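**Q** This is input_18.cif (mmCIF, C-alpha atoms).
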```
data_start
loop_
_atom_site.label_atom_id
_atom_site.label_comp_id
_atom_site.auth_asym_id
_atom_site.auth_seq_id
_atom_site.Cartn_x
_atom_site.Cartn_y
_atom_site.Cartn_z
CA MET A 1269 -13.96 -53.18 -0.32
CA LYS A 1270 -12.32 -50.39 1.60
CA LYS A 1271 -14.44 -47.27 1.75
CA THR A 1272 -12.90 -43.96 0.76
CA SER A 1273 -13.89 -40.58 2.13
CA ILE A 1274 -15.19 -37.70 0.04
CA LEU A 1275 -11.87 -35.93 0.62
CA GLU A 1276 -9.93 -38.79 -0.90
CA ARG A 1277 -12.06 -38.70 -4.04
CA LEU A 1278 -11.66 -34.97 -4.66
CA PRO A 1279 -8.93 -33.81 -7.09
CA THR A 1280 -6.00 -31.92 -5.59
CA ASP A 1281 -6.88 -28.60 -7.24
CA VAL A 1282 -10.42 -28.80 -5.80
CA LEU A 1283 -9.10 -29.53 -2.31
CA ILE A 1284 -6.86 -26.48 -2.51
CA GLN A 1285 -9.88 -24.32 -3.36
CA VAL A 1286 -11.83 -25.83 -0.45
CA LEU A 1287 -9.00 -24.92 1.93
CA ASP A 1288 -8.96 -21.34 0.65
CA TYR A 1289 -12.64 -20.86 1.48
CA LEU A 1290 -12.44 -22.23 5.02
CA ASP A 1291 -11.86 -19.92 7.98
CA GLN A 1292 -8.52 -20.11 9.75
CA HIS A 1293 -9.64 -22.39 12.59
CA SER A 1294 -11.30 -24.85 10.19
CA GLN A 1295 -8.19 -24.93 8.00
CA PHE A 1296 -5.98 -25.95 10.90
CA GLN A 1297 -8.46 -28.53 12.14
CA MET A 1298 -8.91 -30.03 8.68
CA CYS A 1299 -5.18 -30.32 8.07
CA LEU A 1300 -4.44 -31.76 11.48
CA ALA A 1301 -7.18 -34.37 11.30
CA SER A 1302 -7.47 -35.31 7.63
CA LYS A 1303 -4.87 -37.81 6.47
CA PRO A 1304 -6.62 -38.22 3.07
CA LEU A 1305 -5.46 -34.70 2.14
CA SER A 1306 -2.49 -34.91 -0.16
CA GLU A 1307 0.84 -33.42 0.84
CA THR A 1308 0.46 -30.90 -2.00
CA CYS A 1309 -2.70 -29.48 -0.42
CA ILE A 1310 -1.12 -29.40 3.02
CA ARG A 1311 1.94 -27.58 1.73
CA THR A 1312 -0.26 -25.02 -0.04
CA MET A 1313 -2.26 -24.28 3.09
CA TRP A 1314 0.76 -24.04 5.40
CA HIS A 1315 2.98 -22.15 2.94
CA THR A 1316 2.15 -18.75 4.51
CA PRO A 1317 -0.33 -19.05 7.38
CA THR A 1318 -2.31 -15.94 8.33
CA CYS A 1319 -2.94 -14.91 11.93
CA THR A 1320 -5.67 -12.33 12.50
CA THR A 1321 -5.17 -12.04 16.27
CA VAL A 1322 -2.27 -12.40 18.69
CA THR A 1323 -4.08 -15.35 20.26
CA ALA A 1324 -4.21 -17.07 16.85
CA PHE A 1325 -0.49 -16.49 16.40
CA ASN A 1326 0.31 -18.07 19.77
CA ALA A 1327 -1.96 -21.01 18.90
CA LEU A 1328 -0.21 -21.46 15.54
CA MET A 1329 3.24 -21.46 17.12
CA SER A 1330 2.10 -23.98 19.73
CA THR A 1331 0.59 -26.23 17.06
CA ILE A 1332 3.63 -26.40 14.80
CA GLY A 1333 5.96 -26.65 17.77
CA THR A 1334 4.26 -29.70 19.25
CA ARG A 1335 6.09 -33.02 19.37
CA ASP A 1336 2.88 -35.01 19.21
CA CYS A 1337 3.73 -38.20 17.33
CA ASN A 1338 0.17 -38.33 15.96
CA LEU A 1339 0.81 -35.39 13.61
CA TYR A 1340 0.78 -36.81 10.09
CA TYR A 1341 2.95 -34.15 8.44
CA PRO A 1342 5.92 -32.03 9.68
CA TYR A 1343 3.92 -28.82 9.29
CA LYS A 1344 6.66 -26.47 10.40
CA SER A 1345 8.89 -27.63 7.55
CA PHE A 1346 6.24 -26.43 5.06
CA ILE A 1347 6.11 -22.85 6.36
CA VAL A 1348 8.13 -20.27 4.41
CA GLY A 1349 6.19 -17.12 5.31
CA LEU A 1350 4.08 -15.61 8.07
CA CYS A 1351 1.26 -13.08 7.75
CA LEU A 1352 0.27 -11.12 10.87
CA SER A 1353 -2.79 -9.43 9.39
CA PHE A 1354 -4.97 -8.23 12.25
CA HIS A 1355 -8.64 -7.29 11.76
CA THR A 1356 -8.28 -4.30 14.08
CA PRO A 1357 -5.23 -2.24 15.14
CA GLN A 1358 -3.22 -4.26 17.64
CA THR A 1359 -0.45 -3.69 20.16
CA VAL A 1360 1.91 -6.65 20.14
CA LEU A 1361 4.00 -6.77 23.28
CA VAL A 1362 5.04 -10.27 24.31
CA LEU A 1363 4.72 -13.83 23.13
CA ASN A 1364 3.10 -16.43 25.35
CA THR A 1365 4.76 -19.34 23.62
CA ILE A 1366 8.22 -20.54 22.67
CA LEU A 1367 8.75 -20.25 18.93
CA PRO A 1368 9.55 -23.47 17.07
CA ALA A 1369 12.59 -23.93 14.87
CA ILE A 1370 11.25 -22.68 11.54
CA SER A 1371 12.97 -20.59 8.89
CA LEU A 1372 10.81 -17.76 7.56
CA LYS A 1373 11.56 -16.17 4.20
CA LYS A 1374 8.64 -13.72 4.04
CA ILE A 1375 6.85 -11.64 6.66
CA TRP A 1376 3.67 -9.55 6.37
CA ILE A 1377 2.79 -7.17 9.23
CA GLU A 1378 -0.57 -5.39 8.98
CA ASN A 1379 -2.62 -3.18 11.30
CA VAL A 1380 -0.04 -3.02 14.11
CA GLN A 1381 0.02 0.17 16.18
CA SER A 1382 2.86 -0.82 18.46
CA ILE A 1383 5.22 -3.75 18.68
CA SER A 1384 7.78 -4.66 21.32
CA GLN A 1385 11.46 -5.20 20.61
CA THR A 1386 11.18 -8.58 22.34
CA PHE A 1387 8.54 -9.70 19.84
CA VAL A 1388 10.56 -8.53 16.83
CA ASP A 1389 13.69 -10.13 18.24
CA LYS A 1390 11.97 -13.53 18.54
CA ILE A 1391 10.48 -13.24 15.05
CA LEU A 1392 13.89 -12.44 13.54
CA CYS A 1393 15.41 -15.42 15.35
CA ILE A 1394 13.26 -17.71 13.18
CA SER A 1395 13.85 -15.66 10.03
CA ASP A 1396 17.47 -16.39 9.14
CA LYS A 1397 16.53 -16.76 5.45
CA LEU A 1398 14.30 -13.69 5.35
CA TYR A 1399 14.27 -11.93 1.98
CA MET A 1400 10.93 -10.04 1.92
CA VAL A 1401 9.12 -7.79 4.42
CA HIS A 1402 5.73 -6.16 3.86
CA PHE A 1403 4.20 -3.52 6.16
CA SER A 1404 0.62 -2.30 5.79
CA LYS A 1405 -1.36 0.16 7.94
CA CYS A 1406 1.36 0.27 10.59
CA THR A 1407 2.48 3.25 12.67
CA SER A 1408 5.91 4.84 12.55
CA ASP A 1409 6.60 3.33 16.00
CA THR A 1410 6.10 -0.17 14.60
CA LEU A 1411 8.45 0.40 11.66
CA THR A 1412 11.04 2.11 13.86
CA THR A 1413 11.05 -0.76 16.34
CA PHE A 1414 11.34 -3.41 13.61
CA PHE A 1415 14.26 -1.77 11.80
CA THR A 1416 15.99 -0.83 15.07
CA VAL A 1417 16.07 -4.48 16.13
CA LEU A 1418 17.04 -5.58 12.62
CA LYS A 1419 19.94 -3.11 12.62
CA ARG A 1420 21.12 -4.51 15.96
CA TYR A 1421 21.70 -7.85 14.25
CA GLY A 1422 24.06 -6.10 11.86
CA PRO A 1423 23.43 -5.51 8.13
CA HIS A 1424 20.97 -8.15 6.93
CA GLN A 1425 22.44 -9.54 3.73
CA GLY A 1426 19.34 -11.51 2.75
CA ILE A 1427 16.51 -8.97 2.60
CA GLU A 1428 16.00 -8.00 -1.04
CA LYS A 1429 12.42 -6.73 -1.09
CA ILE A 1430 10.52 -4.31 1.17
CA MET A 1431 6.97 -3.04 0.65
CA ILE A 1432 5.42 -0.28 2.79
CA CYS A 1433 1.74 0.51 2.28
CA ASP A 1434 -0.46 3.06 4.08
CA CYS A 1435 2.05 3.64 6.86
CA CYS A 1436 3.59 6.76 8.41
CA VAL A 1437 7.19 7.00 7.22
CA ALA A 1438 9.80 9.69 7.86
CA ASP A 1439 13.38 10.07 6.61
CA GLN A 1440 14.72 8.64 9.89
CA ILE A 1441 12.83 5.39 9.27
CA VAL A 1442 14.17 5.23 5.71
CA TYR A 1443 17.68 5.66 7.15
CA GLN A 1444 17.19 2.78 9.60
CA MET A 1445 15.79 0.62 6.81
CA VAL A 1446 18.59 1.12 4.30
CA VAL A 1447 21.39 0.77 6.87
CA ALA A 1448 19.91 -2.55 7.99
CA THR A 1449 19.29 -3.88 4.45
CA PRO A 1450 22.27 -3.05 2.20
CA MET A 1451 21.31 -5.78 -0.31
CA LEU A 1452 17.86 -4.29 -0.94
CA GLN A 1453 16.88 -4.60 -4.61
CA HIS A 1454 13.13 -3.94 -4.68
CA PHE A 1455 11.39 -1.15 -2.72
CA GLU A 1456 7.67 -0.35 -3.07
CA TYR A 1457 6.21 2.60 -1.21
CA TYR A 1458 2.45 3.16 -1.33
CA ARG A 1459 0.62 6.15 0.17
CA SER A 1460 3.01 6.49 3.10
CA GLY A 1461 4.19 10.09 2.89
CA ILE A 1462 6.62 12.18 0.88
CA ILE A 1463 9.79 10.65 -0.50
CA SER A 1464 12.25 13.48 0.03
CA ASP A 1465 15.55 14.14 -1.71
CA CYS A 1466 17.23 13.07 1.53
CA ALA A 1467 15.40 9.71 1.48
CA ILE A 1468 16.36 9.13 -2.17
CA LYS A 1469 19.98 9.91 -1.32
CA LEU A 1470 19.94 7.41 1.55
CA ILE A 1471 18.56 4.67 -0.69
CA VAL A 1472 21.10 5.29 -3.45
CA GLU A 1473 24.08 5.51 -1.07
CA HIS A 1474 23.30 2.48 1.10
CA CYS A 1475 21.45 0.15 -1.31
CA ARG A 1476 23.84 -0.04 -4.22
CA PHE A 1477 22.05 -3.02 -5.80
CA ILE A 1478 18.60 -1.40 -5.92
CA GLN A 1479 16.80 -2.38 -9.14
CA VAL A 1480 13.15 -1.40 -8.63
CA LEU A 1481 11.71 1.72 -6.97
CA ILE A 1482 7.94 2.25 -6.98
CA PHE A 1483 6.44 5.28 -5.23
CA THR A 1484 2.72 6.01 -4.94
CA LEU A 1485 2.17 9.21 -3.02
CA PRO A 1486 -1.00 9.88 -0.96
CA LEU A 1487 -3.84 12.19 -1.91
CA ASN A 1488 -3.31 14.57 1.01
CA ILE A 1489 0.09 15.75 -0.25
CA VAL A 1490 -0.72 16.50 -3.88
CA GLN A 1491 1.18 19.77 -3.67
CA ALA A 1492 4.37 17.82 -2.95
CA ASN A 1493 3.93 15.25 -5.71
CA THR A 1494 6.90 16.33 -7.75
CA VAL A 1495 10.21 14.72 -8.62
CA THR A 1496 13.05 17.14 -8.09
CA TYR A 1497 16.04 17.46 -10.39
CA GLU A 1498 18.29 16.60 -7.45
CA SER A 1499 16.47 13.28 -6.93
CA LEU A 1500 16.78 12.40 -10.61
CA GLU A 1501 20.51 13.12 -10.53
CA LEU A 1502 20.90 10.88 -7.49
CA LEU A 1503 18.93 8.07 -9.12
CA ALA A 1504 21.01 8.37 -12.26
CA GLN A 1505 24.01 7.31 -10.17
CA SER A 1506 22.37 4.00 -9.27
CA LYS A 1507 24.18 1.48 -11.43
CA TYR A 1508 21.60 -1.35 -11.26
CA LEU A 1509 18.33 0.62 -11.26
CA LYS A 1510 16.03 -0.80 -13.95
CA VAL A 1511 12.54 0.34 -12.93
CA LEU A 1512 11.53 3.72 -11.49
CA ILE A 1513 7.82 4.47 -11.11
CA TYR A 1514 6.30 7.56 -9.54
CA VAL A 1515 2.51 7.47 -9.32
CA PHE A 1516 0.88 10.83 -8.57
CA LEU A 1517 -2.64 10.49 -7.21
CA LEU A 1518 -4.88 13.40 -8.21
#
```
Would you put the structure from the file into structure tokens?
**A**
Amino acid sequence: MKKTSILERLPTDVLIQVLDYLDQHSQFQMCLASKPLSETCIRTMWHTPTCTTVTAFNALMSTIGTRDCNLYYPYKSFIVGLCLSFHTPQTVLVLNTILPAISLKKIWIENVQSISQTFVDKILCISDKLYMVHFSKCTSDTLTTFFTVLKRYGPHQGIEKIMICDCCVADQIVYQMVVATPMLQHFEYYRSGIISDCAIKLIVEHCRFIQVLIFTLPLNIVQANTVTYESLELLAQSKYLKVLIYVFLL
């Protein structure tokens, strides 16, 4: 009788939980070496891989870009998102690997102090179906560089959702964002500075299909946590706006 491994005997939902508890290196090793894992488990793990260092990102790109015939699954076809969530603030300048032909739909960028235009350009080249971008704990330089490169590609018709959390954002960055993403429908803004009347005007004028606006203002600007009459008048002109939430932290 043919012997079966422990992995083969585990239910799919249990295997998925096992993958979630493994560290990043062990996940990759397990998926590359374990044929008993079902395709459902593999797809779940590779759906949105997380890279906590630049080295890990280069290793991931090299892994999914390999033409090794021993690979059991076409991993790169399973990837729809990418999370660059660094443990410590990082400066991302260049890539040491050629990016494979994948098509990202979602991107998370966290804890990045500075990022090069070359890096953003290469990321956007594999993001032709991009519809969601999430920034967290990034500097204004990082956001400026990203939206500057995005704008250079011309208005991106696919991006519908942007989330900015714990970043440093000024009206100029909002301008770059809305000009580059005219089809924006969902914008969440957490603890990243004051949303001025000028910023509201830019959003309403350039993102005519906006449906959801969520603003959570930071503790250090309590005195500015007010919605002006001018902003409300501007928002009233937005034909598709369904949800408007201002959260004032006290």
**Q** What's around Tyr1399 (chain A) at 7 Å? Count only C-alpha atoms, leave out sequence neighbours fewer than 4 positions away in its own chain, and write the answer as a CSV table (one decimal) with C-alpha atoms, in the frame of the given file.
**A**
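Listed below is the output, around-v4.csv:
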```csv
chain,number,residue,atom,x,y,z
A,1373,LYS,CA,11.6,-16.2,4.2
A,1374,LYS,CA,8.6,-13.7,4.0
A,1426,GLY,CA,19.3,-11.5,2.8
A,1427,ILE,CA,16.5,-9.0,2.6
A,1428,GLU,CA,16.0,-8.0,-1.0
A,1429,LYS,CA,12.4,-6.7,-1.1
```
**Q** Please write the residues picked by the PyMOL selection byres ((chain A and resi 1351) around 9) on this file as a list in words.
**A** Thr1316, Pro1317, Thr1318, Cys1319, Thr1320, Gly1349, Leu1350, Leu1352, Ser1353, Lys1374, Ile1375, Trp1376, Ile1377 and Glu1378 of chain A
**Q** Which one is closest to Asp1465 (chain A): A:Val1480, A:Thr1496, A:Ile1441, A:Phe1325? Count all atoms listed in the file.
**A** A:Thr1496
**Q** List every protein, DNA or RNA residue that has an atom no more than 9 Å from (-7.9, -6.1, 11.7) in the file's coordinate frame, counting all atoms listed in the file, and report them as a PDB file with C-alpha atoms, keeping the file's coordinate frame.
**A**
```
ATOM      1  CA  THR A1320      -5.670 -12.330  12.500  1.00  0.00           C
ATOM      2  CA  THR A1321      -5.170 -12.040  16.270  1.00  0.00           C
ATOM      3  CA  SER A1353      -2.790  -9.430   9.390  1.00  0.00           C
ATOM      4  CA  PHE A1354      -4.970  -8.230  12.250  1.00  0.00           C
ATOM      5  CA  HIS A1355      -8.640  -7.290  11.760  1.00  0.00           C
ATOM      6  CA  THR A1356      -8.280  -4.300  14.080  1.00  0.00           C
ATOM      7  CA  PRO A1357      -5.230  -2.240  15.140  1.00  0.00           C
ATOM      8  CA  GLN A1358      -3.220  -4.260  17.640  1.00  0.00           C
ATOM      9  CA  GLU A1378      -0.570  -5.390   8.980  1.00  0.00           C
ATOM     10  CA  ASN A1379      -2.620  -3.180  11.300  1.00  0.00           C
ATOM     11  CA  VAL A1380      -0.040  -3.020  14.110  1.00  0.00           C
TER      12      VAL A1380
END
```
**Q** Given the file above and the PyMOL selection byres ((chain A and resi 1371) around 6), which residues are selected, and can you give them as a list in words?
**A**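 When the PyMOL selection byres ((chain A and resi 1371) around 6) is applied, the selected residues are Ile1370, Leu1372, Ile1394 and Ser1395 of chain A.
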**Q** In Å to one decimal, how far is CA of Phe1403 (chain A) from CA of Val1442 (chain A)?
**A**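 The value is 13.3 Å.
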**Q** What does the structure give for the distance between CA of Phe1414 (chain A) and CA of Leu1500 (chain A), in Å to one decimal?
**A**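 Taking CA of Phe1414 (chain A) and CA of Leu1500 (chain A), their separation equals 29.4 Å.
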**Q** Restricting the calculation to only C-alpha atoms, which member of A:Cys1435, A:Ala1324, A:Ala1504, A:Leu1398 is positioned closest to Leu1418 (chain A)?
**A** A:Leu1398
**Q** Rounded to one decimal place, report the CA of Val1472 (chain A)-CA of Ile1391 (chain A) distance in Å.
**A**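 Straight-line distance from CA of Val1472 (chain A) to CA of Ile1391 (chain A) works out to 28.3 Å.
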**Q** In terms of the shortest atom-to-atom distance over all atoms listed in the file, which of A:Pro1450, A:Arg1420, A:Thr1484, A:Met1445 is closest to Cys1433 (chain A)?
**A** A:Thr1484
**Q** Select, from A:Lys1510, A:Lys1469, A:Arg1311, A:His1424, the residue with the minimum atom-to-atom distance to Val1447 (chain A), counting all atoms listed in the file.
**A**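 The answer is A:His1424, which sits nearest to Val1447 (chain A).
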**Q** With a distance cut-off of 12 Å and all atoms listed in the file, select the neighbouring residues of Asp1439 (chain A), excluding the residue or stretch itself and same-chain residues fewer than 3 positions from it, and output the selection as a list in words.
**A**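 Listed by chain and then number, they are Ser1408, Leu1411, Thr1412, Cys1436, Val1442, Tyr1443, Gln1444, Met1445, Val1446, Ser1460, Gly1461, Ile1462, Ile1463, Ser1464, Asp1465, Cys1466, Ala1467, Ile1468, Lys1469, Leu1470 and Ile1471 of chain A.
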**Q** Quick one: residues within 9 Å of Ala1448 (chain A), all atoms listed in the file, excluding same-chain residues fewer than 6 positions away - as a PDB file with C-alpha atoms, keeping the file's coordinate frame?
**A**
```pdb
ATOM      1  CA  PHE A1415      14.260  -1.770  11.800  1.00  0.00           C
ATOM      2  CA  THR A1416      15.990  -0.830  15.070  1.00  0.00           C
ATOM      3  CA  LEU A1418      17.040  -5.580  12.620  1.00  0.00           C
ATOM      4  CA  LYS A1419      19.940  -3.110  12.620  1.00  0.00           C
ATOM      5  CA  ARG A1420      21.120  -4.510  15.960  1.00  0.00           C
ATOM      6  CA  TYR A1421      21.700  -7.850  14.250  1.00  0.00           C
ATOM      7  CA  GLY A1422      24.060  -6.100  11.860  1.00  0.00           C
ATOM      8  CA  PRO A1423      23.430  -5.510   8.130  1.00  0.00           C
ATOM      9  CA  HIS A1424      20.970  -8.150   6.930  1.00  0.00           C
ATOM     10  CA  GLN A1425      22.440  -9.540   3.730  1.00  0.00           C
TER      11      GLN A1425
END
```
**Q** Between A:Phe1346, A:Thr1323, A:Ala1369, A:His1474, which is the closest to Leu1392 (chain A) once you count only C-alpha atoms?
**A**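 Checking each of A:Phe1346, A:Thr1323, A:Ala1369, A:His1474 against Leu1392 (chain A), counting only C-alpha atoms, the winner is A:Ala1369.
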**Q** Kindly reconstruct region 1307-1326 of chain A with N, CA and C atoms and present the result as an mmCIF file, in the coordinates of the input.
**A**
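Output file out_39.cif is given in full below:
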```cif
data_model
loop_
_atom_site.group_PDB
_atom_site.id
_atom_site.type_symbol
_atom_site.label_atom_id
_atom_site.label_comp_id
_atom_site.auth_asym_id
_atom_site.auth_seq_id
_atom_site.Cartn_x
_atom_site.Cartn_y
_atom_site.Cartn_z
ATOM 1 N N GLU A 1307 -0.217 -34.305 0.330
ATOM 2 C CA GLU A 1307 0.840 -33.420 0.840
ATOM 3 C C GLU A 1307 0.876 -32.108 0.076
ATOM 4 N N THR A 1308 0.498 -32.129 -1.209
ATOM 5 C CA THR A 1308 0.460 -30.900 -2.000
ATOM 6 C C THR A 1308 -0.515 -29.901 -1.409
ATOM 7 N N CYS A 1309 -1.693 -30.364 -1.020
ATOM 8 C CA CYS A 1309 -2.700 -29.480 -0.420
ATOM 9 C C CYS A 1309 -2.223 -28.938 0.916
ATOM 10 N N ILE A 1310 -1.619 -29.817 1.708
ATOM 11 C CA ILE A 1310 -1.120 -29.400 3.020
ATOM 12 C C ILE A 1310 -0.047 -28.328 2.868
ATOM 13 N N ARG A 1311 0.873 -28.547 1.948
ATOM 14 C CA ARG A 1311 1.940 -27.580 1.730
ATOM 15 C C ARG A 1311 1.375 -26.224 1.292
ATOM 16 N N THR A 1312 0.352 -26.263 0.434
ATOM 17 C CA THR A 1312 -0.260 -25.020 -0.040
ATOM 18 C C THR A 1312 -0.871 -24.239 1.111
ATOM 19 N N MET A 1313 -1.580 -24.936 1.987
ATOM 20 C CA MET A 1313 -2.260 -24.280 3.090
ATOM 21 C C MET A 1313 -1.270 -23.710 4.114
ATOM 22 N N TRP A 1314 -0.192 -24.443 4.371
ATOM 23 C CA TRP A 1314 0.760 -24.040 5.400
ATOM 24 C C TRP A 1314 1.913 -23.195 4.852
ATOM 25 N N HIS A 1315 1.887 -22.908 3.556
ATOM 26 C CA HIS A 1315 2.980 -22.150 2.940
ATOM 27 C C HIS A 1315 3.181 -20.809 3.644
ATOM 28 N N THR A 1316 2.100 -20.038 3.820
ATOM 29 C CA THR A 1316 2.150 -18.750 4.510
ATOM 30 C C THR A 1316 0.895 -18.590 5.353
ATOM 31 N N PRO A 1317 0.863 -19.158 6.541
ATOM 32 C CA PRO A 1317 -0.330 -19.050 7.380
ATOM 33 C C PRO A 1317 -0.607 -17.614 7.805
ATOM 34 N N THR A 1318 -1.890 -17.279 7.934
ATOM 35 C CA THR A 1318 -2.310 -15.940 8.330
ATOM 36 C C THR A 1318 -2.879 -15.969 9.744
ATOM 37 N N CYS A 1319 -2.430 -15.038 10.561
ATOM 38 C CA CYS A 1319 -2.940 -14.910 11.930
ATOM 39 C C CYS A 1319 -3.631 -13.548 12.045
ATOM 40 N N THR A 1320 -4.892 -13.579 12.421
ATOM 41 C CA THR A 1320 -5.670 -12.330 12.500
ATOM 42 C C THR A 1320 -5.750 -11.776 13.917
ATOM 43 N N THR A 1321 -5.245 -12.516 14.886
ATOM 44 C CA THR A 1321 -5.170 -12.040 16.270
ATOM 45 C C THR A 1321 -3.873 -12.561 16.888
ATOM 46 N N VAL A 1322 -3.458 -11.933 17.980
ATOM 47 C CA VAL A 1322 -2.270 -12.400 18.690
ATOM 48 C C VAL A 1322 -2.508 -13.792 19.259
ATOM 49 N N THR A 1323 -3.730 -14.032 19.724
ATOM 50 C CA THR A 1323 -4.080 -15.350 20.260
ATOM 51 C C THR A 1323 -3.919 -16.432 19.195
ATOM 52 N N ALA A 1324 -4.348 -16.114 17.952
ATOM 53 C CA ALA A 1324 -4.210 -17.070 16.850
ATOM 54 C C ALA A 1324 -2.741 -17.347 16.539
ATOM 55 N N PHE A 1325 -1.917 -16.312 16.641
ATOM 56 C CA PHE A 1325 -0.490 -16.490 16.400
ATOM 57 C C PHE A 1325 0.126 -17.421 17.435
ATOM 58 N N ASN A 1326 -0.205 -17.198 18.720
ATOM 59 C CA ASN A 1326 0.310 -18.070 19.770
ATOM 60 C C ASN A 1326 -0.155 -19.514 19.567
#
```
